[in-house]
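K.L.:
My structure is below; once you've seen it, I'll send some questions.
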Amino acid sequence: MRWLKYPWLLFGKLVALALIFIGGAALALLVLPTLIIIPGDQGERTQFLMHKFFRIYLKALQLFGLIRLEIINAGKLSGGGGKMVVANHPSLLDVVILMALIPRVQCIVKHEFWQHRFLGILMRQAGYIRNDLDPEVLVASCKTALDDGRCLIIFPEGTRTPPGTLPRFHRGFANVATLTGTPIQLVYITCDPPYLFKGEPWWHVPPKKPLFRAIVGECLDANSYLLYGQRGIAARKLVKSLELYYAKKIQNEQSGTGTENIDRRSAEAGGYIS
């Protein structure tokens, strides 16, 4: 019977991917010109607009039966800004989920998106941070956003990690964390079965509706790692600590002792972002 659902599931997947770019083009060409002529912080308004767009987008994916979504301990993300949100990166929807959950957010984006014909307009208007800036400029931009009370979303892997592979983190996020002393809010994202992962063929659809689960976990004090002495050593210790943290999460999930034992009362009712 699965083959009877395949055309709909494939159609839904292609539409979902297309909407990212079509929606981005519509915002860039139709909405942003209006925001530009209105006095005020254009970057702040653009970021809030994208926050709302991604919330609607995720609701649509759930409404049409393409995904399920559970957010656990979401209140930790809405309880205040000025912190770094660090997450693993198994799927294309990870950043969408986090931006839909956090109203005031800053992101470090790949320079390829910055130069995109339509998405680039959004990236520049929102004031997101390019990942190819000089290190000093990048750290200063991150500090400005954190001092302004925004959450800074970072995927230390730099790109999506294929299913079944343990994450390897770049050190850039740890340098920013130890230089700014910002709190680090950990988020663990899972998708079962894997969906929209790196290297996934466009015609691939999962055997069942994928369940995305974002688990908001501990909030770390970056300054505590400075007790190791030099900042370079502190940054390496932080990277190693978080690699082990996420590796243990993934291994527990693969062995069946991870997310299945989560208290379901902490999940939002119905799995919807409200």
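Chain labels follow the order of the structure tokens: the first chain is A, the next B, and so on; residue numbering restarts at 1 in every chain, and ligands are counted from 1 in their shown order.
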Leaving out stretch 166-181 of chain A and any residue of its chain fewer than 5 positions from it, which residues lie within 9 Å of it when counting only C-alpha atoms, given as a JSON list (two decimals) with C-alpha atoms, in the first residue's frame?
P.N.:
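Once everything was written out, this is selection.json:
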```json
[["chain", "number", "residue", "atom", "x", "y", "z"],
["A", 84, "MET", "CA", 23.84, 31.04, 22.24],
["A", 86, "VAL", "CA", 23.71, 25.29, 20.01],
["A", 88, "ASN", "CA", 23.02, 19.30, 16.19],
["A", 89, "HIS", "CA", 22.13, 19.36, 12.50],
["A", 135, "PRO", "CA", 37.17, 36.27, 12.83],
["A", 138, "LEU", "CA", 32.38, 37.83, 13.23],
["A", 139, "VAL", "CA", 32.93, 37.72, 17.00],
["A", 140, "ALA", "CA", 32.08, 41.43, 17.29],
["A", 142, "CYS", "CA", 27.88, 37.98, 17.55],
["A", 143, "LYS", "CA", 28.59, 40.00, 20.70],
["A", 146, "LEU", "CA", 23.90, 38.90, 22.25],
["A", 154, "ILE", "CA", 24.76, 28.02, 15.80],
["A", 155, "PHE", "CA", 25.18, 24.54, 14.31],
["A", 156, "PRO", "CA", 28.78, 23.64, 15.26],
["A", 157, "GLU", "CA", 28.90, 20.90, 12.64],
["A", 158, "GLY", "CA", 28.78, 23.58, 9.95],
["A", 161, "THR", "CA", 25.69, 15.31, 9.45],
["A", 221, "ASP", "CA", 27.98, 28.68, 31.56],
["A", 222, "ALA", "CA", 30.75, 29.34, 29.03],
["A", 223, "ASN", "CA", 32.80, 31.14, 31.66],
["A", 224, "SER", "CA", 33.17, 27.90, 33.64],
["A", 225, "TYR", "CA", 35.45, 26.55, 30.89],
["A", 226, "LEU", "CA", 37.87, 29.43, 31.42],
["A", 231, "ARG", "CA", 41.14, 30.59, 26.26],
["A", 232, "GLY", "CA", 42.36, 28.28, 23.48],
["A", 234, "ALA", "CA", 38.98, 26.35, 27.21],
["A", 235, "ALA", "CA", 37.56, 26.41, 23.67],
["A", 236, "ARG", "CA", 38.96, 22.95, 22.88],
["A", 237, "LYS", "CA", 37.54, 21.59, 26.14],
["A", 238, "LEU", "CA", 34.13, 23.05, 25.29],
["A", 239, "VAL", "CA", 34.17, 21.52, 21.80],
["A", 240, "LYS", "CA", 35.15, 18.10, 23.15],
["A", 242, "LEU", "CA", 29.70, 19.04, 23.49],
["A", 243, "GLU", "CA", 30.85, 16.44, 20.96],
["A", 246, "TYR", "CA", 25.66, 14.85, 21.45],
["A", 247, "ALA", "CA", 27.42, 11.57, 20.67],
["A", 250, "ILE", "CA", 22.73, 9.79, 19.46],
["A", 251, "GLN", "CA", 24.06, 6.49, 20.80]]
```
K.L.:
Using only C-alpha atoms, which of the listed residues (A:Leu211, A:Gln47, A:Gln115, A:Val95) sits closest to A:Arg150?
P.N.:
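Distance minimum relative to A:Arg150 lands on A:Gln47.
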K.L.:
Could you tell me how far atom CA of A:Asp134 lies from atom CA of A:Gly82, in Å and to one decimal?
P.N.:
22.3 Å
K.L.:
Output as an NGL selection string all residues of stretch 85-230 of chain A that backbone DSSP marks as helix (DSSP H, G or I).
P.N.:
:A and (94-101 or 111-114 or 119-126 or 135-147 or 172-180 or 222-228)
K.L.:
Using atom CA of A:Trp8 and atom CA of A:Leu98 as the two end points, give the distance in Å to one decimal.
P.N.:
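The value is 27.0 Å.
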K.L.:
Mind listing the strand (DSSP E or B) residues of stretch 3-204 of chain A, per DSSP on the backbone, as an mmCIF file with N, CA, C and O atoms, in the first residue's frame?
P.N.:
```cif
data_model
loop_
_atom_site.group_PDB
_atom_site.id
_atom_site.type_symbol
_atom_site.label_atom_id
_atom_site.label_comp_id
_atom_site.auth_asym_id
_atom_site.auth_seq_id
_atom_site.Cartn_x
_atom_site.Cartn_y
_atom_site.Cartn_z
ATOM 1 N N ARG A 68 5.523 15.172 11.574
ATOM 2 C CA ARG A 68 5.056 15.400 12.935
ATOM 3 C C ARG A 68 6.149 16.161 13.667
ATOM 4 O O ARG A 68 7.319 16.038 13.349
ATOM 5 N N LEU A 69 5.744 16.944 14.651
ATOM 6 C CA LEU A 69 6.708 17.788 15.343
ATOM 7 C C LEU A 69 6.411 17.829 16.831
ATOM 8 O O LEU A 69 5.269 18.075 17.234
ATOM 9 N N GLU A 70 7.435 17.566 17.637
ATOM 10 C CA GLU A 70 7.326 17.680 19.083
ATOM 11 C C GLU A 70 8.419 18.611 19.593
ATOM 12 O O GLU A 70 9.586 18.467 19.214
ATOM 13 N N ILE A 71 8.031 19.538 20.440
ATOM 14 C CA ILE A 71 8.978 20.449 21.072
ATOM 15 C C ILE A 71 8.934 20.190 22.570
ATOM 16 O O ILE A 71 7.877 20.291 23.187
ATOM 17 N N ILE A 72 10.055 19.872 23.140
ATOM 18 C CA ILE A 72 10.129 19.527 24.556
ATOM 19 C C ILE A 72 10.934 20.594 25.301
ATOM 20 O O ILE A 72 12.052 20.948 24.899
ATOM 21 N N MET A 84 23.543 31.813 23.439
ATOM 22 C CA MET A 84 23.843 31.041 22.242
ATOM 23 C C MET A 84 23.042 29.748 22.263
ATOM 24 O O MET A 84 23.040 29.025 23.254
ATOM 25 N N VAL A 85 22.331 29.487 21.189
ATOM 26 C CA VAL A 85 21.559 28.254 21.052
ATOM 27 C C VAL A 85 22.348 27.315 20.147
ATOM 28 O O VAL A 85 22.498 27.568 18.949
ATOM 29 N N VAL A 86 22.876 26.250 20.737
ATOM 30 C CA VAL A 86 23.707 25.288 20.006
ATOM 31 C C VAL A 86 22.891 24.019 19.779
ATOM 32 O O VAL A 86 22.298 23.473 20.721
ATOM 33 N N ALA A 87 22.861 23.551 18.530
ATOM 34 C CA ALA A 87 22.078 22.361 18.196
ATOM 35 C C ALA A 87 22.835 21.486 17.214
ATOM 36 O O ALA A 87 23.693 21.969 16.457
ATOM 37 N N VAL A 105 16.086 36.474 17.062
ATOM 38 C CA VAL A 105 17.166 35.526 16.814
ATOM 39 C C VAL A 105 18.143 36.095 15.799
ATOM 40 O O VAL A 105 17.757 36.831 14.883
ATOM 41 N N GLN A 106 19.400 35.764 16.001
ATOM 42 C CA GLN A 106 20.446 36.081 15.038
ATOM 43 C C GLN A 106 21.052 34.773 14.562
ATOM 44 O O GLN A 106 21.157 33.809 15.334
ATOM 45 N N CYS A 107 21.440 34.725 13.294
ATOM 46 C CA CYS A 107 21.982 33.499 12.713
ATOM 47 C C CYS A 107 23.299 33.787 12.007
ATOM 48 O O CYS A 107 23.517 34.886 11.493
ATOM 49 N N ILE A 108 24.152 32.786 11.986
ATOM 50 C CA ILE A 108 25.335 32.811 11.142
ATOM 51 C C ILE A 108 25.017 31.955 9.919
ATOM 52 O O ILE A 108 24.741 30.760 10.047
ATOM 53 N N VAL A 109 25.012 32.575 8.734
ATOM 54 C CA VAL A 109 24.552 31.886 7.526
ATOM 55 C C VAL A 109 25.712 31.708 6.543
ATOM 56 O O VAL A 109 26.672 32.481 6.536
ATOM 57 N N ILE A 129 24.497 37.202 9.983
ATOM 58 C CA ILE A 129 25.959 37.267 9.969
ATOM 59 C C ILE A 129 26.519 36.259 8.972
ATOM 60 O O ILE A 129 26.196 35.067 9.034
ATOM 61 N N ARG A 130 27.352 36.733 8.061
ATOM 62 C CA ARG A 130 28.002 35.833 7.103
ATOM 63 C C ARG A 130 29.047 34.980 7.803
ATOM 64 O O ARG A 130 29.738 35.440 8.712
ATOM 65 N N CYS A 151 18.952 35.753 20.665
ATOM 66 C CA CYS A 151 19.560 34.426 20.716
ATOM 67 C C CYS A 151 20.353 34.201 19.436
ATOM 68 O O CYS A 151 19.911 34.562 18.346
ATOM 69 N N LEU A 152 21.511 33.606 19.582
ATOM 70 C CA LEU A 152 22.383 33.336 18.445
ATOM 71 C C LEU A 152 22.352 31.840 18.152
ATOM 72 O O LEU A 152 22.807 31.028 18.953
ATOM 73 N N ILE A 153 21.766 31.463 17.007
ATOM 74 C CA ILE A 153 21.663 30.052 16.620
ATOM 75 C C ILE A 153 22.942 29.629 15.912
ATOM 76 O O ILE A 153 23.375 30.263 14.948
ATOM 77 N N ILE A 154 23.538 28.536 16.401
ATOM 78 C CA ILE A 154 24.761 28.016 15.795
ATOM 79 C C ILE A 154 24.662 26.492 15.695
ATOM 80 O O ILE A 154 24.276 25.816 16.653
ATOM 81 N N PRO A 183 25.796 32.478 27.928
ATOM 82 C CA PRO A 183 25.246 31.152 28.250
ATOM 83 C C PRO A 183 25.023 30.345 26.971
ATOM 84 O O PRO A 183 24.731 30.906 25.911
ATOM 85 N N ILE A 184 25.154 29.033 27.071
ATOM 86 C CA ILE A 184 24.990 28.142 25.909
ATOM 87 C C ILE A 184 23.797 27.233 26.162
ATOM 88 O O ILE A 184 23.847 26.352 27.024
ATOM 89 N N GLN A 185 22.730 27.468 25.406
ATOM 90 C CA GLN A 185 21.534 26.646 25.525
ATOM 91 C C GLN A 185 21.625 25.484 24.535
ATOM 92 O O GLN A 185 21.708 25.680 23.328
ATOM 93 N N LEU A 186 21.626 24.254 25.046
ATOM 94 C CA LEU A 186 21.757 23.075 24.195
ATOM 95 C C LEU A 186 20.396 22.598 23.714
ATOM 96 O O LEU A 186 19.435 22.561 24.484
ATOM 97 N N VAL A 187 20.327 22.254 22.437
ATOM 98 C CA VAL A 187 19.123 21.686 21.842
ATOM 99 C C VAL A 187 19.526 20.435 21.070
ATOM 100 O O VAL A 187 20.469 20.465 20.264
ATOM 101 N N TYR A 188 18.813 19.349 21.321
ATOM 102 C CA TYR A 188 19.081 18.094 20.617
ATOM 103 C C TYR A 188 17.912 17.817 19.682
ATOM 104 O O TYR A 188 16.754 17.739 20.115
ATOM 105 N N ILE A 189 18.199 17.690 18.389
ATOM 106 C CA ILE A 189 17.169 17.503 17.361
ATOM 107 C C ILE A 189 17.269 16.097 16.792
ATOM 108 O O ILE A 189 18.361 15.641 16.426
ATOM 109 N N THR A 190 16.132 15.425 16.711
ATOM 110 C CA THR A 190 16.084 14.103 16.094
ATOM 111 C C THR A 190 15.021 14.078 15.009
ATOM 112 O O THR A 190 14.081 14.885 15.013
ATOM 113 N N CYS A 191 15.190 13.170 14.081
ATOM 114 C CA CYS A 191 14.187 12.952 13.036
ATOM 115 C C CYS A 191 14.117 11.460 12.753
ATOM 116 O O CYS A 191 15.114 10.844 12.356
ATOM 117 N N ASP A 192 12.953 10.887 12.971
ATOM 118 C CA ASP A 192 12.752 9.450 12.798
ATOM 119 C C ASP A 192 11.502 9.195 11.953
ATOM 120 O O ASP A 192 10.404 9.547 12.359
#
```
K.L.:
Which residue gives the smallest distance to A:Gly149 among A:Met123, A:Val216, A:Ala26, A:Ile102, with only C-alpha atoms counted?
P.N.:
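The shortest atom-to-atom distance to A:Gly149 comes from A:Ile102.
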K.L.:
At what distance in Å, to one decimal, does atom CA of A:Pro206 lie from atom CA of A:Gly164?
P.N.:
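Computing the Euclidean distance for atom CA of A:Gly164 and atom CA of A:Pro206 yields 15.7 Å.
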K.L.:
Can you list, as a CSV table (one decimal) with all heavy atoms, in the first residue's frame, every protein, DNA or RNA residue that comes within 12 Å of A:Ile56 when you count only C-alpha atoms, leaving out same-chain residues fewer than 3 positions away?
P.N.:
```csv
chain,number,residue,atom,x,y,z
A,19,LEU,N,8.6,25.8,-1.5
A,19,LEU,CA,8.0,26.9,-0.7
A,19,LEU,C,9.1,27.7,0.0
A,19,LEU,O,8.9,28.9,0.3
A,19,LEU,CB,7.0,26.3,0.3
A,19,LEU,CG,5.6,26.0,-0.3
A,19,LEU,CD1,4.7,25.5,0.8
A,19,LEU,CD2,5.0,27.3,-0.9
A,20,ILE,N,10.2,27.1,0.4
A,20,ILE,CA,11.3,27.8,1.1
A,20,ILE,C,11.7,28.9,0.2
A,20,ILE,O,11.9,30.1,0.6
A,20,ILE,CB,12.4,26.9,1.5
A,20,ILE,CG1,12.0,25.9,2.5
A,20,ILE,CG2,13.6,27.7,1.9
A,20,ILE,CD1,12.1,26.4,3.9
A,23,GLY,N,8.6,31.2,-1.0
A,23,GLY,CA,8.2,32.1,0.1
A,23,GLY,C,9.2,33.2,0.3
A,23,GLY,O,8.9,34.3,0.5
A,49,LEU,N,9.5,38.9,10.9
A,49,LEU,CA,8.7,38.4,9.8
A,49,LEU,C,9.0,37.0,9.4
A,49,LEU,O,8.2,36.1,9.2
A,49,LEU,CB,8.8,39.3,8.6
A,49,LEU,CG,8.1,39.0,7.3
A,49,LEU,CD1,6.6,39.2,7.5
A,49,LEU,CD2,8.5,39.9,6.1
A,50,MET,N,10.3,36.7,9.4
A,50,MET,CA,10.8,35.3,9.0
A,50,MET,C,10.4,34.3,10.1
A,50,MET,O,10.1,33.2,9.8
A,50,MET,CB,12.3,35.3,8.8
A,50,MET,CG,12.7,36.2,7.6
A,50,MET,SD,14.5,36.1,7.2
A,50,MET,CE,14.7,34.4,6.7
A,51,HIS,N,10.4,34.8,11.4
A,51,HIS,CA,10.0,34.0,12.5
A,51,HIS,C,8.5,33.5,12.3
A,51,HIS,O,8.2,32.3,12.4
A,51,HIS,CB,10.1,34.8,13.8
A,51,HIS,CG,9.3,34.2,15.0
A,51,HIS,ND1,9.6,33.0,15.6
A,51,HIS,CD2,8.2,34.7,15.6
A,51,HIS,CE1,8.8,32.8,16.6
A,51,HIS,NE2,7.9,33.9,16.6
A,52,LYS,N,7.7,34.5,11.9
A,52,LYS,CA,6.3,34.2,11.7
A,52,LYS,C,6.1,33.3,10.4
A,52,LYS,O,5.2,32.4,10.4
A,52,LYS,CB,5.5,35.5,11.5
A,52,LYS,CG,5.3,36.3,12.8
A,52,LYS,CD,4.5,35.5,13.8
A,52,LYS,CE,4.2,36.3,15.0
A,52,LYS,NZ,3.4,35.6,16.0
A,53,PHE,N,6.9,33.6,9.4
A,53,PHE,CA,6.8,32.8,8.2
A,53,PHE,C,7.1,31.3,8.4
A,53,PHE,O,6.4,30.4,8.0
A,53,PHE,CB,7.7,33.3,7.1
A,53,PHE,CG,7.9,32.4,5.9
A,53,PHE,CD1,6.9,32.3,5.0
A,53,PHE,CD2,9.0,31.7,5.7
A,53,PHE,CE1,7.0,31.5,3.8
A,53,PHE,CE2,9.2,30.9,4.6
A,53,PHE,CZ,8.2,30.8,3.7
A,59,LYS,N,3.5,24.7,10.5
A,59,LYS,CA,2.1,24.3,10.7
A,59,LYS,C,1.5,23.7,9.4
A,59,LYS,O,0.7,22.7,9.5
A,59,LYS,CB,1.2,25.5,11.1
A,59,LYS,CG,1.5,26.0,12.6
A,59,LYS,CD,0.6,27.2,12.9
A,59,LYS,CE,0.8,27.6,14.3
A,59,LYS,NZ,0.0,28.8,14.7
A,60,ALA,N,1.8,24.3,8.3
A,60,ALA,CA,1.3,23.8,7.0
A,60,ALA,C,1.9,22.3,6.7
A,60,ALA,O,1.1,21.5,6.3
A,60,ALA,CB,1.7,24.7,5.8
A,61,LEU,N,3.1,22.1,7.0
A,61,LEU,CA,3.7,20.8,6.8
A,61,LEU,C,3.0,19.7,7.7
A,61,LEU,O,2.7,18.6,7.3
A,61,LEU,CB,5.2,20.8,7.2
A,61,LEU,CG,6.1,21.6,6.2
A,61,LEU,CD1,7.6,21.4,6.6
A,61,LEU,CD2,5.9,21.2,4.8
A,62,GLN,N,2.6,20.1,8.9
A,62,GLN,CA,1.9,19.2,9.8
A,62,GLN,C,0.5,19.1,9.4
A,62,GLN,O,-0.1,17.9,9.4
A,62,GLN,CB,2.0,19.8,11.2
A,62,GLN,CG,3.3,19.8,11.9
A,62,GLN,CD,3.4,20.5,13.2
A,62,GLN,OE1,3.2,19.9,14.2
A,62,GLN,NE2,3.5,21.8,13.2
A,63,LEU,N,-0.2,20.1,9.0
A,63,LEU,CA,-1.6,20.1,8.6
A,63,LEU,C,-1.8,19.2,7.4
A,63,LEU,O,-2.7,18.4,7.3
A,63,LEU,CB,-2.0,21.5,8.2
A,63,LEU,CG,-3.5,21.6,7.8
A,63,LEU,CD1,-4.4,21.2,8.9
A,63,LEU,CD2,-3.8,23.1,7.3
A,96,VAL,N,14.8,25.9,10.5
A,96,VAL,CA,13.4,26.4,10.4
A,96,VAL,C,12.7,26.2,11.8
A,96,VAL,O,12.0,27.1,12.2
A,96,VAL,CB,12.7,25.6,9.3
A,96,VAL,CG1,11.2,26.0,9.3
A,96,VAL,CG2,13.3,25.9,7.9
A,97,ILE,N,12.9,25.1,12.4
A,97,ILE,CA,12.3,24.8,13.7
A,97,ILE,C,12.8,25.8,14.7
A,97,ILE,O,11.9,26.3,15.5
A,97,ILE,CB,12.6,23.3,14.1
A,97,ILE,CG1,11.9,22.3,13.2
A,97,ILE,CG2,12.1,23.1,15.5
A,97,ILE,CD1,12.3,20.9,13.4
A,99,MET,N,14.2,28.8,14.4
A,99,MET,CA,13.7,30.2,14.1
A,99,MET,C,12.2,30.4,14.3
A,99,MET,O,11.8,31.5,14.7
A,99,MET,CB,14.1,30.6,12.7
A,99,MET,CG,15.6,30.7,12.5
A,99,MET,SD,16.1,31.2,10.8
A,99,MET,CE,15.5,32.9,10.8
A,100,ALA,N,11.5,29.3,14.2
A,100,ALA,CA,10.0,29.4,14.4
A,100,ALA,C,9.8,29.4,15.9
A,100,ALA,O,8.7,30.0,16.3
A,100,ALA,CB,9.3,28.2,13.8
A,101,LEU,N,10.7,28.9,16.7
A,101,LEU,CA,10.5,28.9,18.2
A,101,LEU,C,11.0,30.2,18.9
A,101,LEU,O,10.5,30.5,19.9
A,101,LEU,CB,11.2,27.7,18.8
A,101,LEU,CG,10.6,26.3,18.5
A,101,LEU,CD1,11.6,25.2,19.0
A,101,LEU,CD2,9.3,26.2,19.2
A,272,TYR,N,2.0,20.5,17.8
A,272,TYR,CA,2.0,21.7,17.0
A,272,TYR,C,2.7,22.8,17.7
A,272,TYR,O,2.7,22.9,18.9
A,272,TYR,CB,0.6,22.1,16.7
A,272,TYR,CG,-0.1,21.3,15.7
A,272,TYR,CD1,-0.7,20.1,16.0
A,272,TYR,CD2,-0.2,21.7,14.4
A,272,TYR,CE1,-1.3,19.3,15.0
A,272,TYR,CE2,-0.8,21.0,13.4
A,272,TYR,CZ,-1.4,19.8,13.7
A,272,TYR,OH,-2.0,19.0,12.8
A,273,ILE,N,3.4,23.7,16.9
A,273,ILE,CA,3.8,25.0,17.4
A,273,ILE,C,2.6,25.9,17.5
A,273,ILE,O,2.0,26.1,16.4
A,273,ILE,CB,4.9,25.5,16.5
A,273,ILE,CG1,6.2,24.8,16.6
A,273,ILE,CG2,5.2,27.0,16.8
A,273,ILE,CD1,7.3,25.3,15.8
A,274,SER,N,2.3,26.4,18.6
A,274,SER,CA,1.1,27.2,18.8
A,274,SER,C,1.4,28.6,18.6
A,274,SER,O,2.6,29.1,18.6
A,274,SER,CB,0.5,27.0,20.2
A,274,SER,OG,1.5,27.3,21.2
```
K.L.:
Between A:Leu220, A:Ala126, A:Leu119, A:Ala145, which has the minimum distance to A:Tyr245 (counting only C-alpha atoms)?
P.N.:
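Closest to A:Tyr245, using only C-alpha atoms: A:Leu220.
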